[in-house]
Amino acid sequence: MSQIHPDLTHPKYRPDIDGLRAVAVLSVVAFHAFPNWIQGGFIGVDVFFVISGFLISTIIFENLDRGSFSFLEFYARRIRRIFPTLLLVLTACAAFGWFALLAEEYKQLGKHIAAGAGFVSNFALWKEAGYFDNSADTKPLLHLWSLGIEEQFYIIWPLLLWFAWKRKRILPVVILVIAIVSFYLNISGIKQDATAAYYAPQTRFWELLSGSLLAWLTTCQTAKYSSIRAKVDGWLASLFRKGKEADGKTLANVLSILGLSLLAYGFWRIDKYVGFPGKWALVPVLGAVFVIAAGSGGWLNRILLSNKIAVWFGLISFPLYLWHWPLLSFARIVQSEAPSRKLRVAAVVLAICLAWLTQKLVEQHLRRGGNGRLKVAFLVAAMMLVGSLGYVDFRQEGLPARFPQEVRSVFDTPDFSHASFPMERNCTRYSGGKFLSVCTENQAPILFVMGDSHAGAFFSGLNDLQRDYVFGLDTAIGCGNAPYLVPGDYGDGAWCDSSQARNGFNLFALEKISEIKPAIVILHARWAYDLYNTDQPSMVRKLRETIRRISKASPASKIMVVGPVPNWKTSPQRELYLSWRRSHVGLTGQPLPTRLKDGLVPEIKEWDEAMSRAVPKMGATYISAYKTLCNADGCLARVGSTANEVTATDYGHLSPAGSIYLTRQLKSAVFSLLPAEPQARHTEAE
């Protein structure tokens, strides 16, 4: 910020603001690398917003006042400031992803590269999972959402100021009105759609405008602002520095201490559960405003923020912000789980080194020196090229031709969203404020399936079995509803289908069981990680009560509990890919393994063993899906050589092929509970 351009002047350099940048970026890096250490570190982004709003608005105000403001020069400087590092990071992510990502993952990366190059990442991410969702860890360009909001602000803001400048008296009113409206949208939006409130520009602009308002006071209202500061300082001096003249230091020190205290409180108190941004965003925003307003003479600003180490981190804050998250995210992807502490430390150290090299070798050369127009033209063309290549990658489904055919046949995973979650075949609907049973052609003997979305995936195999045997199927499958019949677990936690997010889903299932008296009630769920369990004893207690109530409602019904299926740290597709990469990099014609030992969630085996001991004591039959799909050689990752024949669609929902395989293996155990084996259907060939 210390450079002076002949056409566009800049404010006087303040090392303490670079120190504040250091606090912001290091808090974000620490949160991403060690979230348990600083749960509120993500508010560093809000500090960046305030700093950016203050500095850029100061530049605009000063140059408008001098009559030297140029839109062309303003945006040219933004391009020279932002594009070099962003281009480098986008290109590096695309190159690494070529070797590290599956087709579907690389497709998503291509989408995010295109969005990042177009500064609309926040809109692209808005339609996906939220910032704090688990899947966010595997999005290497997730952090570009904030850059999108900043650049969207700077498309609108200079134009608005230029139009309003001739009417300076209304300028603070304009700033205040827009800021208040934006803050209102933020407060109301967090209650309606937290993801939208996090990513939407209209709910974030007030943070940048807070810095803009401070810039207006210090730039356009210098005399009034100085007078007010002098009066407040005199009053504070009379309280804390009796006998000494007011010299501005007391107010500066109070603002400095108060601002950094607010930031420290935010880092400690705010976490991903408080509903952010919302009202909590006031903490980092006010903290940053107070620190900047304190000036470079504030005690903490002078001692803490202006020291050489803080300033150095502030100078590399932008490239450090851009580099750190892709490194941590790719480490998570490659490891198939949260990377070890040593690996995270190594990623942070590497990010710092890359940030320094980027600032030294790339940013300084492109931001300084001659050929300014040529540099801008080159950067714009390069960004358009990178964005276009990302879009091509997205449209070409992640370029699966990168892999040999024998690998691609398994990795080109189709969309299983309907096949593995056959909710359209679910016999329970919610309509008109009540649950309805919509299966009218059940044929004895009836098998009744009750559970969550994992039961829905398991249902595919039973449905397929009906092609060979005559029996009826009825279901009560609620996504997110573990099949528990205990107070508090009656189905009020459904989250995948809002039509089932009503109290009493499982109670309605009990009514259906009581009415149709099925031959077998099959209970299945994720079990180990359903929405209600915290430990195995809790699960056992709830399951015991559930079995008791089902037996009471339909004494003749046999109850079968199907235990958890294997869970993968990522998915069987990715674990197969990792196995292939470890064993056969560069080789073709090598067969993929059928079973895998690596990449499994070990706790599932423990839960399966606990359930196998507990369920028989409850008067129910226990079927171990885990032991059916796993042996000493590992767990089945595929039952054939094509993408349709992997055993799961994600971490653990059975694919149609996996469900059919499991059901066929369990057929004898299921039919053994019936008085007689169901009649076999006669095919046309017979």
# chains A, B, ... in the order shown; residues from 1 in each chain; ligands from 1

$ closest_atom_pairs --of "region 186-265 of chain A" --to "region 144-168 of chain A" --cutoff "12 Å" --atoms "only C-alpha atoms" --output "CSV"
residue,atom,partner,partner_atom,distance
A:Thr195,CA,A:Trp145,CA,12.0
A:Ala196,CA,A:Trp145,CA,11.9
A:Tyr198,CA,A:Trp145,CA,9.5
A:Tyr199,CA,A:Trp145,CA,6.9
A:Ala200,CA,A:Ile149,CA,7.8
A:Pro201,CA,A:Ile149,CA,5.5
A:Gln202,CA,A:Ile149,CA,9.0
A:Thr203,CA,A:Ile149,CA,10.0
A:Arg204,CA,A:Ile149,CA,7.6
A:Phe205,CA,A:Phe153,CA,6.9
A:Trp206,CA,A:Phe153,CA,10.2
A:Glu207,CA,A:Glu150,CA,10.3
A:Leu208,CA,A:Glu150,CA,8.1
A:Leu209,CA,A:Trp157,CA,9.4
A:Ser212,CA,A:Trp157,CA,9.8
A:Trp216,CA,A:Lys168,CA,10.3
A:Cys220,CA,A:Lys168,CA,8.9
A:Gln221,CA,A:Lys168,CA,10.6

$ write_last_selection --atoms "C-alpha atoms" --output "JSON list (two decimals), in the first residue's frame"
[["chain", "number", "residue", "atom", "x", "y", "z"],
["A", 195, "THR", "CA", -25.97, -21.35, 3.71],
["A", 196, "ALA", "CA", -27.38, -18.50, 1.64],
["A", 198, "TYR", "CA", -23.09, -17.19, 4.54],
["A", 199, "TYR", "CA", -22.38, -16.94, 0.81],
["A", 200, "ALA", "CA", -24.75, -14.26, -0.48],
["A", 201, "PRO", "CA", -23.16, -10.87, -1.27],
["A", 202, "GLN", "CA", -26.18, -8.90, -0.07],
["A", 203, "THR", "CA", -25.80, -10.40, 3.43],
["A", 204, "ARG", "CA", -22.06, -9.62, 3.56],
["A", 205, "PHE", "CA", -21.74, -6.16, 2.00],
["A", 206, "TRP", "CA", -22.42, -4.46, 5.33],
["A", 207, "GLU", "CA", -19.09, -5.78, 6.60],
["A", 208, "LEU", "CA", -17.14, -4.06, 3.81],
["A", 209, "LEU", "CA", -19.34, -0.97, 4.20],
["A", 212, "SER", "CA", -16.12, 2.21, 4.00],
["A", 216, "TRP", "CA", -15.50, 8.35, 4.80],
["A", 220, "CYS", "CA", -14.13, 13.29, 3.95],
["A", 221, "GLN", "CA", -14.97, 14.50, 7.46]]

$ residues_around --residues "Phe31 (chain A)" --least-positions-apart "5" --cutoff "8 Å" --atoms "only C-alpha atoms" --output "list in words"
Asn36, Trp37, Ile38, Gln39, Gly40, Gly41 and Phe42 of chain A

$ residues_around --residues "region 483-485 of chain A" --least-positions-apart "4" --cutoff "8 Å" --atoms "only C-alpha atoms" --output "list of chain:residue names"
A:Met450, A:Gly451, A:Asp452, A:Asp489, A:Tyr490, A:Asn506, A:Leu507, A:Leu523, A:His524, A:Ala525, A:Lys542, A:Leu543, A:Glu545, A:Thr546, A:Arg549

$ write_last_selection --atoms "all heavy atoms" --output "compact mmCIF listing (two decimals), in the first residue's frame"
# COMPACT_ATOMS: atom_id res chain seq x y z
N MET A 450 -38.24 -51.05 7.84
CA MET A 450 -38.34 -49.82 8.61
C MET A 450 -36.94 -49.30 8.91
O MET A 450 -36.06 -50.06 9.34
CB MET A 450 -39.11 -50.08 9.90
CG MET A 450 -39.25 -48.88 10.83
SD MET A 450 -40.20 -49.34 12.32
CE MET A 450 -40.04 -47.85 13.30
N GLY A 451 -36.70 -48.02 8.65
CA GLY A 451 -35.39 -47.46 8.94
C GLY A 451 -35.13 -46.16 8.22
O GLY A 451 -36.05 -45.48 7.75
N ASP A 452 -33.84 -45.82 8.11
CA ASP A 452 -33.43 -44.56 7.50
C ASP A 452 -33.08 -44.75 6.03
O ASP A 452 -33.50 -45.72 5.40
CB ASP A 452 -32.26 -43.95 8.28
CG ASP A 452 -31.05 -44.88 8.32
OD1 ASP A 452 -31.04 -45.89 7.58
OD2 ASP A 452 -30.11 -44.60 9.08
N ASP A 489 -37.59 -39.92 19.83
CA ASP A 489 -37.07 -40.50 18.59
C ASP A 489 -38.20 -41.04 17.73
O ASP A 489 -38.12 -42.12 17.17
CB ASP A 489 -36.07 -41.63 18.90
CG ASP A 489 -34.78 -41.11 19.47
OD1 ASP A 489 -34.51 -39.90 19.30
OD2 ASP A 489 -34.05 -41.88 20.10
N TYR A 490 -39.26 -40.27 17.60
CA TYR A 490 -40.41 -40.71 16.83
C TYR A 490 -40.38 -40.23 15.38
O TYR A 490 -41.37 -40.29 14.68
CB TYR A 490 -41.70 -40.23 17.50
CG TYR A 490 -42.00 -40.92 18.80
CD1 TYR A 490 -42.58 -40.23 19.85
CD2 TYR A 490 -41.70 -42.28 18.98
CE1 TYR A 490 -42.87 -40.87 21.04
CE2 TYR A 490 -41.98 -42.92 20.17
CZ TYR A 490 -42.56 -42.21 21.21
OH TYR A 490 -42.84 -42.84 22.39
N ASN A 506 -42.11 -42.57 12.96
CA ASN A 506 -41.94 -43.95 13.43
C ASN A 506 -43.19 -44.47 14.14
O ASN A 506 -43.47 -45.67 14.11
CB ASN A 506 -40.72 -44.05 14.36
CG ASN A 506 -39.41 -43.94 13.59
OD1 ASN A 506 -39.35 -44.26 12.41
ND2 ASN A 506 -38.38 -43.47 14.26
N LEU A 507 -43.94 -43.59 14.76
CA LEU A 507 -45.20 -44.01 15.37
C LEU A 507 -46.19 -44.46 14.30
O LEU A 507 -46.95 -45.42 14.50
CB LEU A 507 -45.80 -42.87 16.20
CG LEU A 507 -45.09 -42.56 17.52
CD1 LEU A 507 -45.76 -41.36 18.20
CD2 LEU A 507 -45.10 -43.77 18.45
N LEU A 523 -35.51 -54.26 10.49
CA LEU A 523 -35.01 -52.96 10.95
C LEU A 523 -33.58 -52.79 10.44
O LEU A 523 -32.73 -53.65 10.65
CB LEU A 523 -35.03 -52.88 12.48
CG LEU A 523 -36.36 -53.14 13.18
CD1 LEU A 523 -36.19 -53.03 14.69
CD2 LEU A 523 -37.43 -52.17 12.69
N HIS A 524 -33.35 -51.67 9.79
CA HIS A 524 -31.99 -51.41 9.29
C HIS A 524 -31.73 -49.91 9.31
O HIS A 524 -32.63 -49.11 9.10
CB HIS A 524 -31.81 -51.95 7.87
CG HIS A 524 -30.42 -51.77 7.33
ND1 HIS A 524 -29.29 -52.19 8.01
CD2 HIS A 524 -29.97 -51.20 6.19
CE1 HIS A 524 -28.22 -51.91 7.30
NE2 HIS A 524 -28.60 -51.30 6.19
N ALA A 525 -30.48 -49.56 9.59
CA ALA A 525 -30.09 -48.15 9.63
C ALA A 525 -28.57 -48.08 9.60
O ALA A 525 -27.88 -49.11 9.55
CB ALA A 525 -30.64 -47.47 10.89
N LYS A 542 -32.44 -48.15 23.17
CA LYS A 542 -33.49 -47.73 22.25
C LYS A 542 -33.99 -48.88 21.40
O LYS A 542 -35.19 -49.02 21.15
CB LYS A 542 -32.98 -46.60 21.36
CG LYS A 542 -32.66 -45.31 22.11
CD LYS A 542 -32.02 -44.28 21.19
CE LYS A 542 -31.67 -43.01 21.94
NZ LYS A 542 -31.02 -42.01 21.05
N LEU A 543 -33.07 -49.73 20.97
CA LEU A 543 -33.46 -50.85 20.12
C LEU A 543 -34.28 -51.87 20.91
O LEU A 543 -35.24 -52.44 20.40
CB LEU A 543 -32.21 -51.50 19.54
CG LEU A 543 -32.40 -52.44 18.35
CD1 LEU A 543 -33.21 -51.79 17.25
CD2 LEU A 543 -31.04 -52.89 17.82
N GLU A 545 -36.31 -51.27 23.44
CA GLU A 545 -37.66 -50.74 23.59
C GLU A 545 -38.43 -50.80 22.28
O GLU A 545 -39.63 -51.09 22.25
CB GLU A 545 -37.59 -49.29 24.09
CG GLU A 545 -38.93 -48.56 24.18
CD GLU A 545 -39.89 -49.18 25.18
OE1 GLU A 545 -39.48 -50.05 25.98
OE2 GLU A 545 -41.09 -48.80 25.16
N THR A 546 -37.75 -50.57 21.17
CA THR A 546 -38.39 -50.63 19.85
C THR A 546 -38.89 -52.04 19.56
O THR A 546 -40.03 -52.24 19.12
CB THR A 546 -37.40 -50.18 18.77
OG1 THR A 546 -37.01 -48.83 19.02
CG2 THR A 546 -38.00 -50.30 17.38
N ARG A 549 -41.99 -52.91 21.61
CA ARG A 549 -43.23 -52.30 21.17
C ARG A 549 -43.72 -52.92 19.86
O ARG A 549 -44.93 -53.04 19.64
CB ARG A 549 -43.04 -50.79 21.02
CG ARG A 549 -42.75 -50.09 22.34
CD ARG A 549 -42.72 -48.59 22.20
NE ARG A 549 -44.04 -48.04 21.89
CZ ARG A 549 -44.30 -46.74 21.84
NH1 ARG A 549 -43.33 -45.86 22.10
NH2 ARG A 549 -45.51 -46.31 21.54

$ residues_around --residues "Phe74 (chain A)" --least-positions-apart "5" --cutoff "9 Å" --atoms "only C-alpha atoms" --output "PyMOL selection string"
chain A and resi 8+60+69+79+158

$ write_last_selection --atoms "C-alpha atoms" --output "CSV table (one decimal), in the first residue's frame"
chain,number,residue,atom,x,y,z
A,8,LEU,CA,-4.2,6.9,-8.6
A,60,ILE,CA,-11.7,6.0,-4.0
A,69,PHE,CA,-10.2,8.9,-10.0
A,79,ILE,CA,-6.3,-7.1,-11.6
A,158,PRO,CA,-17.0,2.6,-7.2

$ select_by_dssp --residues "region 365-405 of chain A" --states "alpha helix (DSSP H)" --output "list in words"
His365, Leu366, Arg367, Gly372, Arg373, Leu374, Lys375, Val376, Ala377, Phe378, Leu379, Val380, Ala381, Ala382, Met383, Met384, Leu385, Val386, Gly387, Ser388, Leu389, Gly390, Tyr391, Val392, Asp393, Phe394, Arg395 and Gln405 of chain A

$ write_last_selection --atoms "C-alpha atoms" --output "mmCIF file, in the first residue's frame"
data_model
loop_
_atom_site.group_PDB
_atom_site.id
_atom_site.type_symbol
_atom_site.label_atom_id
_atom_site.label_comp_id
_atom_site.auth_asym_id
_atom_site.auth_seq_id
_atom_site.Cartn_x
_atom_site.Cartn_y
_atom_site.Cartn_z
ATOM 1 C CA HIS A 365 7.167 -8.211 -10.510
ATOM 2 C CA LEU A 366 3.673 -7.970 -11.958
ATOM 3 C CA ARG A 367 2.466 -5.166 -9.718
ATOM 4 C CA GLY A 372 1.201 -1.908 -17.092
ATOM 5 C CA ARG A 373 -1.417 -2.201 -19.835
ATOM 6 C CA LEU A 374 0.341 -5.176 -21.393
ATOM 7 C CA LYS A 375 0.480 -6.930 -18.030
ATOM 8 C CA VAL A 376 -3.199 -6.318 -17.421
ATOM 9 C CA ALA A 377 -4.122 -7.629 -20.864
ATOM 10 C CA PHE A 378 -1.996 -10.723 -20.311
ATOM 11 C CA LEU A 379 -3.508 -11.389 -16.879
ATOM 12 C CA VAL A 380 -7.072 -10.989 -18.154
ATOM 13 C CA ALA A 381 -6.403 -13.304 -21.112
ATOM 14 C CA ALA A 382 -4.745 -15.877 -18.852
ATOM 15 C CA MET A 383 -7.642 -15.787 -16.391
ATOM 16 C CA MET A 384 -10.145 -16.262 -19.216
ATOM 17 C CA LEU A 385 -8.123 -19.214 -20.501
ATOM 18 C CA VAL A 386 -7.885 -20.894 -17.082
ATOM 19 C CA GLY A 387 -11.589 -20.321 -16.426
ATOM 20 C CA SER A 388 -12.481 -21.733 -19.843
ATOM 21 C CA LEU A 389 -10.351 -24.830 -19.279
ATOM 22 C CA GLY A 390 -12.067 -25.352 -15.933
ATOM 23 C CA TYR A 391 -15.459 -25.091 -17.605
ATOM 24 C CA VAL A 392 -14.403 -27.575 -20.317
ATOM 25 C CA ASP A 393 -13.291 -29.965 -17.576
ATOM 26 C CA PHE A 394 -16.689 -29.579 -15.931
ATOM 27 C CA ARG A 395 -18.593 -30.135 -19.182
ATOM 28 C CA GLN A 405 -9.944 -48.366 -19.480
#

$ residues_around --residues "region 635-640 of chain A" --least-positions-apart "3" --cutoff "8 Å" --atoms "only C-alpha atoms" --output "ChimeraX atom specification"
/A:566,572-573,576,594-597,629-631,645-648,657-658,661

$ write_last_selection --atoms "N, CA and C atoms" --output "PDB file, in the first residue's frame"
ATOM      1  N   PRO A 566     -20.465 -52.106   5.868  1.00  0.00           N
ATOM      2  CA  PRO A 566     -19.167 -51.432   5.979  1.00  0.00           C
ATOM      3  C   PRO A 566     -19.272 -49.961   5.589  1.00  0.00           C
ATOM      4  N   PRO A 572     -16.104 -46.493  -1.913  1.00  0.00           N
ATOM      5  CA  PRO A 572     -15.351 -47.615  -2.489  1.00  0.00           C
ATOM      6  C   PRO A 572     -14.660 -47.235  -3.794  1.00  0.00           C
ATOM      7  N   GLN A 573     -15.273 -46.307  -4.554  1.00  0.00           N
ATOM      8  CA  GLN A 573     -14.636 -45.874  -5.788  1.00  0.00           C
ATOM      9  C   GLN A 573     -13.279 -45.227  -5.513  1.00  0.00           C
ATOM     10  N   LEU A 576     -10.750 -47.749  -4.173  1.00  0.00           N
ATOM     11  CA  LEU A 576     -10.227 -48.570  -5.267  1.00  0.00           C
ATOM     12  C   LEU A 576      -9.186 -47.794  -6.060  1.00  0.00           C
ATOM     13  N   THR A 594     -10.959 -56.783  -5.600  1.00  0.00           N
ATOM     14  CA  THR A 594     -12.386 -56.900  -5.307  1.00  0.00           C
ATOM     15  C   THR A 594     -12.669 -56.504  -3.868  1.00  0.00           C
ATOM     16  N   ARG A 595     -11.763 -56.886  -2.987  1.00  0.00           N
ATOM     17  CA  ARG A 595     -11.887 -56.559  -1.568  1.00  0.00           C
ATOM     18  C   ARG A 595     -10.775 -55.600  -1.157  1.00  0.00           C
ATOM     19  N   LEU A 596     -11.067 -54.776  -0.163  1.00  0.00           N
ATOM     20  CA  LEU A 596     -10.092 -53.823   0.334  1.00  0.00           C
ATOM     21  C   LEU A 596     -10.042 -53.866   1.855  1.00  0.00           C
ATOM     22  N   LYS A 597      -8.837 -53.740   2.381  1.00  0.00           N
ATOM     23  CA  LYS A 597      -8.665 -53.605   3.823  1.00  0.00           C
ATOM     24  C   LYS A 597      -8.495 -52.140   4.219  1.00  0.00           C
ATOM     25  N   LEU A 629     -20.385 -59.094   4.084  1.00  0.00           N
ATOM     26  CA  LEU A 629     -19.648 -58.380   3.048  1.00  0.00           C
ATOM     27  C   LEU A 629     -18.140 -58.347   3.287  1.00  0.00           C
ATOM     28  N   CYS A 630     -17.715 -58.766   4.463  1.00  0.00           N
ATOM     29  CA  CYS A 630     -16.293 -58.666   4.808  1.00  0.00           C
ATOM     30  C   CYS A 630     -15.761 -60.012   5.300  1.00  0.00           C
ATOM     31  N   ASN A 631     -14.485 -60.239   5.066  1.00  0.00           N
ATOM     32  CA  ASN A 631     -13.794 -61.400   5.620  1.00  0.00           C
ATOM     33  C   ASN A 631     -12.350 -61.018   5.902  1.00  0.00           C
ATOM     34  N   GLU A 645     -21.369 -51.726 -10.565  1.00  0.00           N
ATOM     35  CA  GLU A 645     -21.211 -52.882  -9.683  1.00  0.00           C
ATOM     36  C   GLU A 645     -20.302 -52.630  -8.483  1.00  0.00           C
ATOM     37  N   VAL A 646     -20.049 -51.361  -8.170  1.00  0.00           N
ATOM     38  CA  VAL A 646     -19.431 -51.062  -6.886  1.00  0.00           C
ATOM     39  C   VAL A 646     -20.483 -51.297  -5.807  1.00  0.00           C
ATOM     40  N   THR A 647     -20.034 -51.545  -4.586  1.00  0.00           N
ATOM     41  CA  THR A 647     -20.982 -51.964  -3.554  1.00  0.00           C
ATOM     42  C   THR A 647     -21.685 -50.810  -2.845  1.00  0.00           C
ATOM     43  N   ALA A 648     -21.162 -49.591  -2.970  1.00  0.00           N
ATOM     44  CA  ALA A 648     -21.779 -48.447  -2.302  1.00  0.00           C
ATOM     45  C   ALA A 648     -21.654 -47.221  -3.186  1.00  0.00           C
ATOM     46  N   ALA A 657     -26.342 -52.724  -6.968  1.00  0.00           N
ATOM     47  CA  ALA A 657     -25.600 -53.985  -7.083  1.00  0.00           C
ATOM     48  C   ALA A 657     -25.199 -54.516  -5.716  1.00  0.00           C
ATOM     49  N   GLY A 658     -24.757 -53.623  -4.838  1.00  0.00           N
ATOM     50  CA  GLY A 658     -24.383 -54.044  -3.492  1.00  0.00           C
ATOM     51  C   GLY A 658     -25.564 -54.540  -2.699  1.00  0.00           C
ATOM     52  N   TYR A 661     -26.612 -57.968  -4.059  1.00  0.00           N
ATOM     53  CA  TYR A 661     -25.656 -58.989  -3.612  1.00  0.00           C
ATOM     54  C   TYR A 661     -25.911 -59.354  -2.151  1.00  0.00           C
TER      55      TYR A 661
END
